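Structure below is coords_31.cif: mmCIF, C-alpha atoms.
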```cif
data_entry
loop_
_atom_site.label_atom_id
_atom_site.label_comp_id
_atom_site.auth_asym_id
_atom_site.auth_seq_id
_atom_site.Cartn_x
_atom_site.Cartn_y
_atom_site.Cartn_z
CA MET A 1 24.29 44.43 -27.53
CA ALA A 2 23.14 42.03 -24.84
CA SER A 3 25.71 40.42 -22.60
CA LEU A 4 27.11 37.19 -23.94
CA ARG A 5 26.25 35.42 -20.69
CA SER A 6 22.52 35.35 -21.48
CA PRO A 7 21.33 32.26 -23.39
CA MET A 8 21.76 33.20 -27.00
CA GLN A 9 21.54 31.22 -30.19
CA LEU A 10 23.79 32.12 -33.07
CA LEU A 11 23.34 31.33 -36.74
CA THR A 12 26.77 30.51 -38.09
CA PHE A 13 28.06 30.82 -41.64
CA THR A 14 31.38 31.23 -43.38
CA ILE A 15 32.77 33.94 -45.61
CA ASP A 16 36.00 33.14 -47.42
CA THR A 17 36.35 29.99 -45.19
CA GLN A 18 36.26 32.09 -41.99
CA PRO A 19 33.42 31.44 -39.51
CA TYR A 20 31.01 34.26 -38.66
CA ALA A 21 27.71 34.39 -36.79
CA ILE A 22 24.68 36.58 -36.31
CA LEU A 23 22.18 36.54 -33.46
CA SER A 24 19.41 34.14 -34.38
CA ARG A 25 16.69 36.24 -32.74
CA SER A 26 16.93 38.76 -35.60
CA VAL A 27 16.59 36.02 -38.23
CA ILE A 28 13.18 35.58 -39.83
CA GLU A 29 13.94 32.87 -42.35
CA VAL A 30 16.77 31.17 -44.21
CA LEU A 31 16.13 30.75 -47.93
CA PRO A 32 17.99 29.28 -50.89
CA LEU A 33 20.05 31.73 -52.92
CA VAL A 34 17.24 33.20 -54.98
CA PRO A 35 18.04 35.45 -57.95
CA ALA A 36 17.91 39.19 -57.31
CA ARG A 37 17.23 42.09 -59.63
CA PRO A 38 20.40 44.22 -59.71
CA LEU A 39 20.13 47.85 -58.64
CA PRO A 40 22.15 50.34 -60.69
CA LEU A 41 24.99 52.40 -59.20
CA MET A 42 25.13 50.42 -56.00
CA PRO A 43 28.19 49.24 -54.08
CA ASP A 44 29.48 45.74 -54.90
CA TYR A 45 27.94 44.23 -51.79
CA VAL A 46 24.37 45.12 -52.77
CA ARG A 47 23.38 42.21 -55.01
CA GLY A 48 20.05 43.79 -55.80
CA ILE A 49 16.51 43.44 -54.64
CA PHE A 50 14.36 40.32 -54.40
CA THR A 51 10.75 39.54 -53.67
CA TYR A 52 10.23 38.10 -50.22
CA ARG A 53 6.66 37.10 -49.39
CA GLY A 54 5.30 39.92 -51.50
CA HIS A 55 7.74 42.57 -50.18
CA LEU A 56 10.83 43.93 -51.94
CA VAL A 57 13.92 43.30 -49.81
CA PRO A 58 17.54 44.34 -50.59
CA LEU A 59 19.98 41.47 -50.93
CA ILE A 60 23.43 42.05 -49.40
CA ASP A 61 26.41 39.90 -50.39
CA LEU A 62 28.32 39.34 -47.14
CA GLY A 63 31.24 37.95 -49.14
CA GLN A 64 31.71 41.30 -50.86
CA ARG A 65 31.06 43.21 -47.64
CA LEU A 66 33.44 41.26 -45.39
CA ALA A 67 36.03 39.80 -47.76
CA CYS A 68 35.67 41.79 -51.01
CA ARG A 69 34.91 38.51 -52.81
CA ALA A 70 31.52 37.35 -54.06
CA VAL A 71 30.15 34.23 -52.35
CA GLU A 72 30.40 30.92 -54.14
CA GLU A 73 27.01 29.81 -55.40
CA ARG A 74 26.38 26.39 -53.86
CA LEU A 75 23.41 24.75 -52.16
CA SER A 76 24.76 25.74 -48.75
CA THR A 77 25.00 29.38 -49.84
CA ARG A 78 21.77 30.83 -48.60
CA VAL A 79 19.87 34.02 -47.99
CA ILE A 80 19.36 34.90 -44.33
CA VAL A 81 16.37 37.20 -44.03
CA VAL A 82 16.92 39.43 -40.99
CA GLU A 83 14.83 42.14 -39.41
CA PHE A 84 15.87 44.95 -37.11
CA ILE A 85 14.62 48.31 -35.91
CA ARG A 86 16.70 51.42 -36.38
CA PRO A 87 17.08 53.43 -33.20
CA ALA A 88 16.84 56.64 -35.24
CA ASP A 89 13.44 55.68 -36.65
CA ALA A 90 10.68 57.06 -34.44
CA SER A 91 8.01 54.98 -36.18
CA LYS A 92 9.86 51.76 -35.17
CA ALA A 93 9.20 50.30 -38.60
CA PRO A 94 11.28 47.11 -38.93
CA VAL A 95 13.90 47.00 -41.66
CA ARG A 96 14.33 43.74 -43.56
CA LEU A 97 17.53 42.69 -45.30
CA GLY A 98 18.53 39.53 -47.11
CA LEU A 99 22.12 38.51 -46.32
CA VAL A 100 23.90 36.07 -48.61
CA ALA A 101 26.47 33.87 -46.86
CA GLU A 102 28.13 30.50 -47.37
CA ASN A 103 27.63 27.34 -45.29
CA VAL A 104 24.46 28.53 -43.59
CA ILE A 105 23.79 25.10 -42.15
CA SER A 106 24.05 25.23 -38.38
CA ILE A 107 23.29 27.17 -35.26
CA CYS A 108 25.15 27.11 -31.98
CA SER A 109 24.76 28.53 -28.53
CA ALA A 110 26.88 31.45 -27.37
CA GLU A 111 26.92 29.85 -23.91
CA ASP A 112 29.29 27.19 -25.22
CA ALA A 113 31.95 29.79 -25.97
CA ASP A 114 35.24 29.19 -24.18
CA THR A 115 36.43 32.76 -24.35
CA THR A 116 35.12 35.94 -25.83
CA LEU A 117 36.68 39.17 -26.96
CA PRO A 118 34.39 42.19 -26.67
CA ALA A 119 33.29 44.06 -29.76
CA MET A 120 35.85 46.20 -31.48
CA GLU A 121 35.09 49.84 -32.14
CA LEU A 122 36.42 50.33 -35.65
CA GLU A 123 35.38 53.29 -37.71
CA HIS A 124 35.74 51.56 -41.07
CA ALA A 125 34.12 48.30 -39.90
CA PRO A 126 31.49 49.19 -37.27
CA PHE A 127 29.61 45.92 -37.91
CA LEU A 128 32.27 43.70 -36.31
CA GLY A 129 30.97 42.42 -32.99
CA SER A 130 32.44 40.15 -30.34
CA LEU A 131 34.81 37.30 -31.12
CA LEU A 132 33.88 33.92 -29.63
CA ARG A 133 35.89 30.74 -29.33
CA LEU A 134 33.35 28.01 -30.18
CA ASN A 135 34.18 24.31 -30.69
CA GLY A 136 37.74 25.05 -31.68
CA ARG A 137 36.81 27.81 -34.10
CA THR A 138 37.04 31.55 -33.60
CA VAL A 139 33.70 32.99 -34.65
CA GLN A 140 33.20 36.66 -35.40
CA LEU A 141 29.80 38.08 -34.49
CA ILE A 142 28.29 40.46 -37.06
CA LEU A 143 26.04 43.34 -35.94
CA ILE A 144 23.45 43.43 -38.68
CA GLY A 145 22.16 46.87 -37.72
CA ARG A 146 25.49 48.44 -38.63
CA LEU A 147 26.20 46.32 -41.69
CA LEU A 148 25.28 49.03 -44.16
CA PRO A 149 26.63 52.58 -43.95
CA PRO A 150 23.94 54.84 -42.43
CA ALA A 151 23.65 56.87 -45.63
CA LEU A 152 22.99 53.75 -47.74
CA LEU A 153 20.54 52.34 -45.20
CA GLU A 154 18.60 55.58 -45.16
CA GLY A 155 18.64 55.66 -48.94
CA LEU A 156 17.25 52.15 -49.20
CA PHE A 157 14.76 52.65 -46.38
CA PRO A 158 13.84 56.33 -46.14
CA ILE A 159 12.69 57.22 -42.65
CA PRO A 160 9.17 58.58 -42.97
CA LEU A 161 8.88 62.18 -41.87
CA ALA A 162 7.98 61.82 -38.25
CA ASP A 163 5.01 63.58 -36.78
CA PRO A 164 6.59 66.44 -34.76
CA VAL A 165 4.21 65.74 -31.89
CA ALA A 166 5.28 62.11 -31.72
CA ILE A 167 8.94 62.96 -31.12
CA GLY A 168 8.38 65.46 -28.40
CA GLY A 169 6.73 68.48 -29.97
CA GLU A 170 9.92 70.03 -31.30
CA PRO A 171 9.61 70.83 -35.01
CA LEU A 172 12.49 69.50 -37.08
CA MET B 173 22.90 -6.69 -41.54
CA THR B 174 24.23 -9.77 -39.79
CA PRO B 175 24.24 -9.52 -36.02
CA GLU B 176 27.94 -10.09 -35.51
CA LEU B 177 28.34 -7.50 -32.80
CA PRO B 178 30.33 -9.55 -30.27
CA ASN B 179 33.04 -10.25 -32.85
CA ALA B 180 32.92 -6.70 -34.15
CA LEU B 181 33.85 -5.07 -30.84
CA PRO B 182 37.45 -3.89 -30.57
CA PRO B 183 39.53 -6.66 -29.02
CA SER B 184 41.17 -4.56 -26.34
CA GLY B 185 37.98 -2.81 -25.28
CA TRP B 186 39.76 0.54 -25.23
CA LEU B 187 36.53 2.51 -25.62
CA GLN B 188 35.32 1.41 -22.23
CA THR B 189 38.46 2.61 -20.52
CA THR B 190 39.10 5.93 -22.25
CA ALA B 191 37.49 9.15 -21.10
CA THR B 192 34.68 10.82 -23.07
CA GLY B 193 36.99 13.56 -24.29
CA ALA B 194 39.38 11.00 -25.71
CA ARG B 195 36.49 9.29 -27.53
CA SER B 196 35.30 12.46 -29.19
CA SER B 197 38.84 13.42 -30.14
CA ALA B 198 39.21 10.00 -31.74
CA ALA B 199 36.03 10.70 -33.67
CA LEU B 200 37.31 14.12 -34.66
CA ALA B 201 40.49 12.53 -35.96
CA ILE B 202 38.31 10.27 -38.12
CA VAL B 203 36.39 13.31 -39.34
CA GLU B 204 39.56 15.05 -40.37
CA ALA B 205 40.83 11.92 -42.08
CA SER B 206 37.56 11.36 -43.92
CA VAL B 207 37.27 14.97 -44.99
CA ARG B 208 40.71 14.74 -46.49
CA ALA B 209 39.96 11.41 -48.14
CA PRO B 210 37.20 11.83 -50.74
CA MET B 211 33.95 10.23 -49.47
CA GLU B 212 34.95 6.97 -47.92
CA GLU B 213 31.36 5.98 -47.19
CA CYS B 214 32.47 4.12 -44.07
CA TRP B 215 28.82 3.87 -42.97
CA ARG B 216 28.26 1.46 -45.86
CA ARG B 217 31.33 -0.66 -45.07
CA VAL B 218 31.60 -0.78 -41.28
CA GLY B 219 28.55 1.25 -40.18
CA VAL B 220 24.91 0.35 -39.63
CA THR B 221 24.33 -0.48 -43.31
CA GLY B 222 27.60 -2.41 -43.44
CA ASP B 223 28.95 -5.10 -41.15
CA ARG B 224 28.67 -2.88 -38.01
CA SER B 225 32.32 -3.43 -37.17
CA CYS B 226 33.08 0.30 -36.62
CA PRO B 227 34.43 0.80 -33.06
CA GLU B 228 32.72 4.21 -32.89
CA LEU B 229 29.30 2.54 -32.97
CA THR B 230 29.57 1.80 -29.25
CA THR B 231 29.80 5.56 -28.68
CA PHE B 232 27.35 6.86 -31.26
CA ILE B 233 24.94 3.86 -31.44
CA HIS B 234 23.91 4.86 -34.98
CA CYS B 235 25.84 6.37 -37.88
CA ARG B 236 23.45 9.32 -37.96
CA ASN B 237 24.95 10.52 -34.64
CA CYS B 238 28.52 10.26 -35.89
CA PRO B 239 30.45 13.37 -36.97
CA VAL B 240 31.83 11.48 -39.97
CA LEU B 241 28.36 11.16 -41.48
CA ALA B 242 27.59 14.78 -40.53
CA ALA B 243 30.72 15.92 -42.35
CA ALA B 244 29.79 13.84 -45.38
CA ALA B 245 26.29 15.31 -45.29
CA GLN B 246 27.81 18.78 -45.37
CA THR B 247 29.57 17.97 -48.62
CA PHE B 248 26.09 17.26 -50.01
CA PHE B 249 25.39 20.98 -49.70
CA ASP B 250 28.58 21.90 -51.54
CA ARG B 251 26.99 21.12 -54.89
CA SER B 252 25.50 23.79 -57.07
CA ALA B 253 21.74 24.11 -57.08
CA PRO B 254 19.85 21.84 -59.49
CA GLU B 255 18.31 23.44 -62.54
CA GLY B 256 15.02 25.18 -61.88
CA TYR B 257 15.38 24.93 -58.09
CA LEU B 258 16.11 28.59 -57.42
CA GLU B 259 13.52 29.74 -59.94
CA SER B 260 10.84 27.66 -58.24
CA TRP B 261 11.83 29.24 -54.92
CA SER B 262 11.56 32.68 -56.47
CA ARG B 263 8.00 31.86 -57.47
CA ILE B 264 7.18 30.64 -53.96
CA LEU B 265 8.53 33.86 -52.44
CA GLU B 266 6.54 36.01 -54.87
CA ALA B 267 3.39 35.00 -53.04
CA PRO B 268 2.40 37.42 -50.30
CA GLU B 269 2.69 36.36 -46.69
CA VAL B 270 -0.29 34.34 -45.54
CA VAL B 271 -1.51 35.81 -42.29
CA ALA B 272 -3.34 33.27 -40.18
CA ASP B 273 -6.92 34.34 -39.60
CA PRO B 274 -7.28 34.94 -35.86
CA ASN B 275 -10.97 34.08 -36.13
CA ALA B 276 -10.29 30.67 -37.63
CA THR B 277 -10.61 27.53 -35.59
CA SER B 278 -8.50 24.47 -36.07
CA VAL B 279 -10.42 21.23 -36.57
CA LEU B 280 -9.52 17.63 -37.30
CA VAL B 281 -11.48 16.32 -40.28
CA PHE B 282 -12.34 12.62 -40.39
CA ARG B 283 -14.78 10.28 -42.04
CA LEU B 284 -17.33 7.94 -40.46
CA GLY B 285 -18.85 5.73 -43.10
CA ARG B 286 -20.01 8.19 -45.74
CA GLU B 287 -20.16 11.23 -43.45
CA TRP B 288 -17.35 13.74 -43.13
CA LEU B 289 -17.17 15.14 -39.61
CA SER B 290 -14.73 17.15 -37.55
CA LEU B 291 -13.80 17.89 -33.95
CA PRO B 292 -11.92 20.90 -32.53
CA THR B 293 -8.22 20.09 -32.49
CA ALA B 294 -8.04 21.30 -28.89
CA SER B 295 -9.90 18.19 -27.76
CA LEU B 296 -7.69 15.81 -29.75
CA VAL B 297 -4.98 13.88 -27.93
CA GLU B 298 -3.73 11.42 -30.48
CA VAL B 299 -4.40 9.68 -33.79
CA THR B 300 -3.17 6.09 -33.69
CA PRO B 301 -3.43 2.98 -35.84
CA LEU B 302 -6.10 0.43 -35.06
CA ARG B 303 -5.25 -1.96 -32.28
CA CYS B 304 -6.66 -4.93 -30.46
CA LEU B 305 -10.05 -4.33 -28.85
CA HIS B 306 -10.89 -5.95 -25.50
CA ARG B 307 -14.61 -6.42 -25.18
CA VAL B 308 -16.43 -6.12 -21.86
CA PRO B 309 -18.81 -9.05 -21.30
CA HIS B 310 -22.47 -7.99 -20.94
CA ARG B 311 -21.61 -4.30 -21.16
CA THR B 312 -20.70 -3.96 -24.80
CA ASN B 313 -23.49 -2.36 -26.83
CA SER B 314 -23.84 -0.30 -29.96
CA VAL B 315 -21.96 2.62 -28.41
CA LEU B 316 -19.54 1.10 -25.91
CA GLU B 317 -17.26 -1.29 -27.69
CA GLY B 318 -14.76 -2.15 -25.00
CA PHE B 319 -11.23 -1.19 -24.01
CA VAL B 320 -8.15 -0.49 -26.04
CA ASN B 321 -4.60 -0.19 -24.81
CA ILE B 322 -3.29 3.33 -25.49
CA ARG B 323 0.31 3.72 -24.34
CA GLY B 324 -0.12 1.24 -21.54
CA GLN B 325 -3.44 2.61 -20.31
CA LEU B 326 -6.81 0.97 -20.93
CA GLN B 327 -9.16 3.56 -22.40
CA LEU B 328 -12.87 3.23 -23.12
CA CYS B 329 -13.44 2.67 -26.79
CA VAL B 330 -16.78 3.87 -28.14
CA SER B 331 -18.42 3.88 -31.51
CA LEU B 332 -19.36 7.28 -32.87
CA HIS B 333 -21.15 5.40 -35.63
CA GLY B 334 -23.48 4.00 -32.98
CA LEU B 335 -23.84 7.30 -31.14
CA LEU B 336 -24.66 9.31 -34.24
CA GLY B 337 -26.94 6.61 -35.65
CA LEU B 338 -24.91 6.12 -38.80
CA ASP B 339 -25.97 2.92 -40.46
CA SER B 340 -22.55 1.87 -41.70
CA LYS B 341 -20.68 -0.81 -39.84
CA PRO B 342 -18.50 0.47 -37.02
CA VAL B 343 -14.81 0.25 -37.68
CA ILE B 344 -13.84 -1.64 -34.59
CA ALA B 345 -16.58 -4.27 -34.77
CA SER B 346 -14.87 -5.93 -37.67
CA GLN B 347 -11.60 -5.65 -35.81
CA ALA B 348 -12.78 -7.65 -32.81
CA LEU B 349 -10.87 -10.67 -34.01
CA LEU B 350 -7.83 -8.60 -34.87
CA ALA B 351 -4.79 -10.75 -34.38
CA GLN B 352 -2.66 -9.84 -31.38
CA ASP B 353 0.33 -9.12 -33.58
CA GLY B 354 -1.70 -6.62 -35.58
CA SER B 355 -1.25 -8.46 -38.87
CA ASP B 356 -4.81 -7.57 -39.86
CA ILE B 357 -4.25 -3.84 -39.61
CA ASP B 358 -3.38 -3.40 -43.26
CA ALA B 359 -6.81 -4.71 -44.23
CA ARG B 360 -8.27 -1.22 -43.63
CA PRO B 361 -5.39 1.06 -44.41
CA THR B 362 -7.17 4.37 -43.81
CA ALA B 363 -8.93 3.49 -40.55
CA ARG B 364 -7.54 5.08 -37.39
CA LEU B 365 -8.34 5.42 -33.72
CA LEU B 366 -8.81 8.93 -32.34
CA VAL B 367 -8.07 9.64 -28.69
CA VAL B 368 -10.00 12.69 -27.50
CA GLU B 369 -10.19 14.46 -24.16
CA ARG B 370 -12.69 16.93 -22.81
CA SER B 371 -10.75 20.16 -22.81
CA GLY B 372 -10.74 22.14 -19.61
CA SER B 373 -12.00 19.35 -17.38
CA GLN B 374 -10.38 18.78 -14.00
CA ARG B 375 -10.22 15.02 -14.19
CA ALA B 376 -9.08 13.65 -17.50
CA GLU B 377 -12.05 12.32 -19.43
CA ARG B 378 -10.68 10.40 -22.36
CA TRP B 379 -12.48 8.49 -25.07
CA VAL B 380 -11.23 6.47 -27.99
CA PHE B 381 -13.23 5.90 -31.13
CA GLY B 382 -12.57 4.47 -34.54
CA VAL B 383 -12.91 6.45 -37.74
CA ASP B 384 -12.72 5.24 -41.31
CA GLN B 385 -10.32 7.92 -42.50
CA VAL B 386 -8.49 10.95 -41.11
CA ALA B 387 -8.04 13.86 -43.51
CA GLY B 388 -5.87 15.97 -41.22
CA VAL B 389 -6.07 19.27 -39.39
CA GLN B 390 -7.74 22.17 -41.19
CA ARG B 391 -8.20 25.81 -40.26
CA VAL B 392 -11.75 26.96 -40.82
CA ALA B 393 -12.82 30.60 -40.67
CA ARG B 394 -15.82 31.19 -38.49
CA SER B 395 -17.43 33.19 -41.27
CA SER B 396 -17.54 30.11 -43.51
CA MET B 397 -19.40 28.05 -40.92
CA ARG B 398 -23.15 27.79 -41.10
CA THR B 399 -25.84 26.15 -39.05
CA VAL B 400 -27.69 22.98 -39.92
CA PRO B 401 -31.10 23.66 -41.57
CA SER B 402 -33.78 23.52 -38.93
CA THR B 403 -35.97 21.32 -41.10
CA LEU B 404 -33.49 18.50 -40.66
CA SER B 405 -34.28 16.13 -37.80
CA GLN B 406 -31.89 13.30 -37.23
CA ALA B 407 -30.11 11.93 -34.24
CA GLY B 408 -26.86 13.31 -35.60
CA VAL B 409 -28.15 16.87 -35.69
CA ARG B 410 -28.11 16.94 -31.91
CA PHE B 411 -24.34 16.62 -31.91
CA CYS B 412 -23.54 18.51 -35.05
CA GLN B 413 -24.99 21.97 -35.41
CA THR B 414 -22.36 23.61 -37.58
CA LEU B 415 -21.39 22.81 -41.15
CA PHE B 416 -18.59 24.05 -43.37
CA ASP B 417 -17.38 23.26 -46.85
CA TRP B 418 -14.03 21.60 -47.36
CA GLN B 419 -12.75 20.27 -50.69
CA GLU B 420 -16.25 20.22 -52.20
CA LYS B 421 -17.55 18.23 -49.27
CA THR B 422 -19.82 19.38 -46.51
CA VAL B 423 -18.21 18.64 -43.17
CA GLY B 424 -20.09 18.66 -39.90
CA LEU B 425 -18.39 20.15 -36.84
CA LEU B 426 -19.26 18.03 -33.82
CA ASP B 427 -20.18 19.81 -30.62
CA GLU B 428 -17.56 18.22 -28.40
CA SER B 429 -19.26 18.88 -25.06
CA ARG B 430 -22.55 17.35 -26.25
CA VAL B 431 -20.74 14.32 -27.60
CA PHE B 432 -18.84 13.87 -24.34
CA ASP B 433 -22.01 14.32 -22.25
CA ALA B 434 -23.94 11.79 -24.33
CA LEU B 435 -21.09 9.28 -24.19
CA ARG B 436 -20.87 9.56 -20.41
CA ASP B 437 -24.62 9.14 -20.00
CA LEU B 438 -24.73 6.10 -22.25
CA VAL B 439 -21.74 4.37 -20.73
CA SER B 440 -22.50 5.03 -17.06
CA SER B 441 -26.16 3.99 -17.31
#
```
What does this structure look like when you write it as structure tokens?
Amino acid sequence: MASLRSPMQLLTFTIDTQPYAILSRSVIEVLPLVPARPLPLMPDYVRGIFTYRGHLVPLIDLGQRLACRAVEERLSTRVIVVEFIRPADASKAPVRLGLVAENVISICSAEDADTTLPAMELEHAPFLGSLLRLNGRTVQLILIGRLLPPALLEGLFPIPLADPVAIGGEPL
Amino acid sequence: MTPELPNALPPSGWLQTTATGARSSAALAIVEASVRAPMEECWRRVGVTGDRSCPELTTFIHCRNCPVLAAAAQTFFDRSAPEGYLESWSRILEAPEVVADPNATSVLVFRLGREWLSLPTASLVEVTPLRCLHRVPHRTNSVLEGFVNIRGQLQLCVSLHGLLGLDSKPVIASQALLAQDGSDIDARPTARLLVVERSGSQRAERWVFGVDQVAGVQRVARSSMRTVPSTLSQAGVRFCQTLFDWQEKTVGLLDESRVFDALRDLVSS
């Protein structure tokens, strides 16, 4: 995670009335809450899969993930399409997720933060990043790369079998 | 909207004396009060669409800058989605991503008389409404029409109709008696002035010309462009050697450097 001193824009949203934010550089697009096709035998926070510009993208309910409560379906409840690259993936294929959150209506700059608390290292919640004090609100940064458990992420996006030569000649 | 501002100012003038932080905290207090009270619509009573008596107007100038209106706008998004809205978005997202063709060029399509023509967008500076034309005594001819005031600078106004030998009446000629207040402008609602500049030149070489209609910026793939048939011989062919189809019309792409060269020759001679 980059230092919070560098100019950084955050996309803010709320889950269960509490403010959260993700780094805006990983955001591709913010969409209305489009319907998703449910996937069977998935955890509560996987709403299903939806079609995004001709690709199938999993839809994650941040309300279920962060507060064990489904988001309220209003106009300000939107899908944030994010993209990131898994460090474990040698092919560097970007992974796209749709995150459903409430009050996705503003961005702010991390430079305006009065104080920050560095990221916590919690085994059961590895996605919790730094805490920032912004405009009188305490905003929790979410690390989207760690939002899903590694096993689930690999199940949804299987890493293609890497060419042994490409990762250093050692056969797996 | 009665201009009663002097009476509407707070009597004590406290806004002038308090610090900025105190002003914004006063505004925040109003936000909190208005969020608690259901939709006061103060902008209709004391704001810019009301009697303008709100003391915060001296700070925010317009209601759209005020946090009270911003907070009210946020409640707009607290409704549930209208029927069919999300389904229509689903259909939009079904469509595959449109990848911009790297070989496409961006052109501005416009109409001169009955001819549809275009210029590379890179040479375009501005599209503006028609404005008063200042003729130059003894120098005005079929190509040079005079000067127009573009953002405080007098620019040479030329007639592409005259340059290309199009027989229709130039746009600006009929505008020579355009009233100074521009009241005549609505007479030709689609006519515009284009400000163009030779791209990549050291000294700015700007020209203004009138067109009868502007259709907007289009991306055209190079593969869909074709050359003018060699059997055609017209004055216009010299300036327009590429054609493409757009909305069932054949549009000519003007060669900007030839147009600029010809304009300079004609005007400086």
If the PyMOL selection byres ((chain A and resi 65-81) around 7) is run on the structure shown, which residues does it catch, given as a VMD selection string?
(chain A and resid 16 27 to 33 45 61 to 64 82 to 83 96 to 105) or (chain B and resid 249 to 253)
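Interface residues of chain B facing chain A, defined by any atom at most 10 Å away and using only C-alpha atoms, are Gln246, Thr247, Phe248, Phe249, Asp250, Arg251, Ser252, Ala253, Pro254, Tyr257, Leu258, Glu259, Ser260, Trp261, Ser262, Arg263, Ile264, Leu265, Glu266, Ala267, Pro268, Glu269 and Val270 of chain B.
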Generate the output file for the selected residues, C-alpha atoms, as a PDB file, in the coordinates of the input.
```pdb
ATOM      1  CA  GLN B 246      27.810  18.780 -45.370  1.00  0.00           C
ATOM      2  CA  THR B 247      29.570  17.970 -48.620  1.00  0.00           C
ATOM      3  CA  PHE B 248      26.090  17.260 -50.010  1.00  0.00           C
ATOM      4  CA  PHE B 249      25.390  20.980 -49.700  1.00  0.00           C
ATOM      5  CA  ASP B 250      28.580  21.900 -51.540  1.00  0.00           C
ATOM      6  CA  ARG B 251      26.990  21.120 -54.890  1.00  0.00           C
ATOM      7  CA  SER B 252      25.500  23.790 -57.070  1.00  0.00           C
ATOM      8  CA  ALA B 253      21.740  24.110 -57.080  1.00  0.00           C
ATOM      9  CA  PRO B 254      19.850  21.840 -59.490  1.00  0.00           C
ATOM     10  CA  TYR B 257      15.380  24.930 -58.090  1.00  0.00           C
ATOM     11  CA  LEU B 258      16.110  28.590 -57.420  1.00  0.00           C
ATOM     12  CA  GLU B 259      13.520  29.740 -59.940  1.00  0.00           C
ATOM     13  CA  SER B 260      10.840  27.660 -58.240  1.00  0.00           C
ATOM     14  CA  TRP B 261      11.830  29.240 -54.920  1.00  0.00           C
ATOM     15  CA  SER B 262      11.560  32.680 -56.470  1.00  0.00           C
ATOM     16  CA  ARG B 263       8.000  31.860 -57.470  1.00  0.00           C
ATOM     17  CA  ILE B 264       7.180  30.640 -53.960  1.00  0.00           C
ATOM     18  CA  LEU B 265       8.530  33.860 -52.440  1.00  0.00           C
ATOM     19  CA  GLU B 266       6.540  36.010 -54.870  1.00  0.00           C
ATOM     20  CA  ALA B 267       3.390  35.000 -53.040  1.00  0.00           C
ATOM     21  CA  PRO B 268       2.400  37.420 -50.300  1.00  0.00           C
ATOM     22  CA  GLU B 269       2.690  36.360 -46.690  1.00  0.00           C
ATOM     23  CA  VAL B 270      -0.290  34.340 -45.540  1.00  0.00           C
TER      24      VAL B 270
END
```
Who sits within 12 Å of Leu128 in chain A, all atoms listed in the file, same chain under 6 positions skipped, as a PyMOL selection string:
chain A and resi 1+20-22+65-66+117-122+139-148
Selected residues written out, C-alpha atoms, as a PDB file, keeping the file's coordinate frame:
```pdb
ATOM      1  CA  MET A   1      24.290  44.430 -27.530  1.00  0.00           C
ATOM      2  CA  TYR A  20      31.010  34.260 -38.660  1.00  0.00           C
ATOM      3  CA  ALA A  21      27.710  34.390 -36.790  1.00  0.00           C
ATOM      4  CA  ILE A  22      24.680  36.580 -36.310  1.00  0.00           C
ATOM      5  CA  ARG A  65      31.060  43.210 -47.640  1.00  0.00           C
ATOM      6  CA  LEU A  66      33.440  41.260 -45.390  1.00  0.00           C
ATOM      7  CA  LEU A 117      36.680  39.170 -26.960  1.00  0.00           C
ATOM      8  CA  PRO A 118      34.390  42.190 -26.670  1.00  0.00           C
ATOM      9  CA  ALA A 119      33.290  44.060 -29.760  1.00  0.00           C
ATOM     10  CA  MET A 120      35.850  46.200 -31.480  1.00  0.00           C
ATOM     11  CA  GLU A 121      35.090  49.840 -32.140  1.00  0.00           C
ATOM     12  CA  LEU A 122      36.420  50.330 -35.650  1.00  0.00           C
ATOM     13  CA  VAL A 139      33.700  32.990 -34.650  1.00  0.00           C
ATOM     14  CA  GLN A 140      33.200  36.660 -35.400  1.00  0.00           C
ATOM     15  CA  LEU A 141      29.800  38.080 -34.490  1.00  0.00           C
ATOM     16  CA  ILE A 142      28.290  40.460 -37.060  1.00  0.00           C
ATOM     17  CA  LEU A 143      26.040  43.340 -35.940  1.00  0.00           C
ATOM     18  CA  ILE A 144      23.450  43.430 -38.680  1.00  0.00           C
ATOM     19  CA  GLY A 145      22.160  46.870 -37.720  1.00  0.00           C
ATOM     20  CA  ARG A 146      25.490  48.440 -38.630  1.00  0.00           C
ATOM     21  CA  LEU A 147      26.200  46.320 -41.690  1.00  0.00           C
ATOM     22  CA  LEU A 148      25.280  49.030 -44.160  1.00  0.00           C
TER      23      LEU A 148
END
```
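Across the model, the gap from CA of Phe13 in chain A to CA of Gly256 in chain B is 24.7 Å.
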Starting from the displayed file, determine the output of the PyMOL selection byres ((chain B and resi 379) around 9) and express the residue list as a PyMOL selection string.
chain B and resi 327-330+366-370+377-378+380-381+432+435
Quick one: distance from CA of Ala88 in chain A to CA of Ile159 in chain A in Å, one decimal?
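Rounded to one decimal, the two atoms are 8.5 Å apart.
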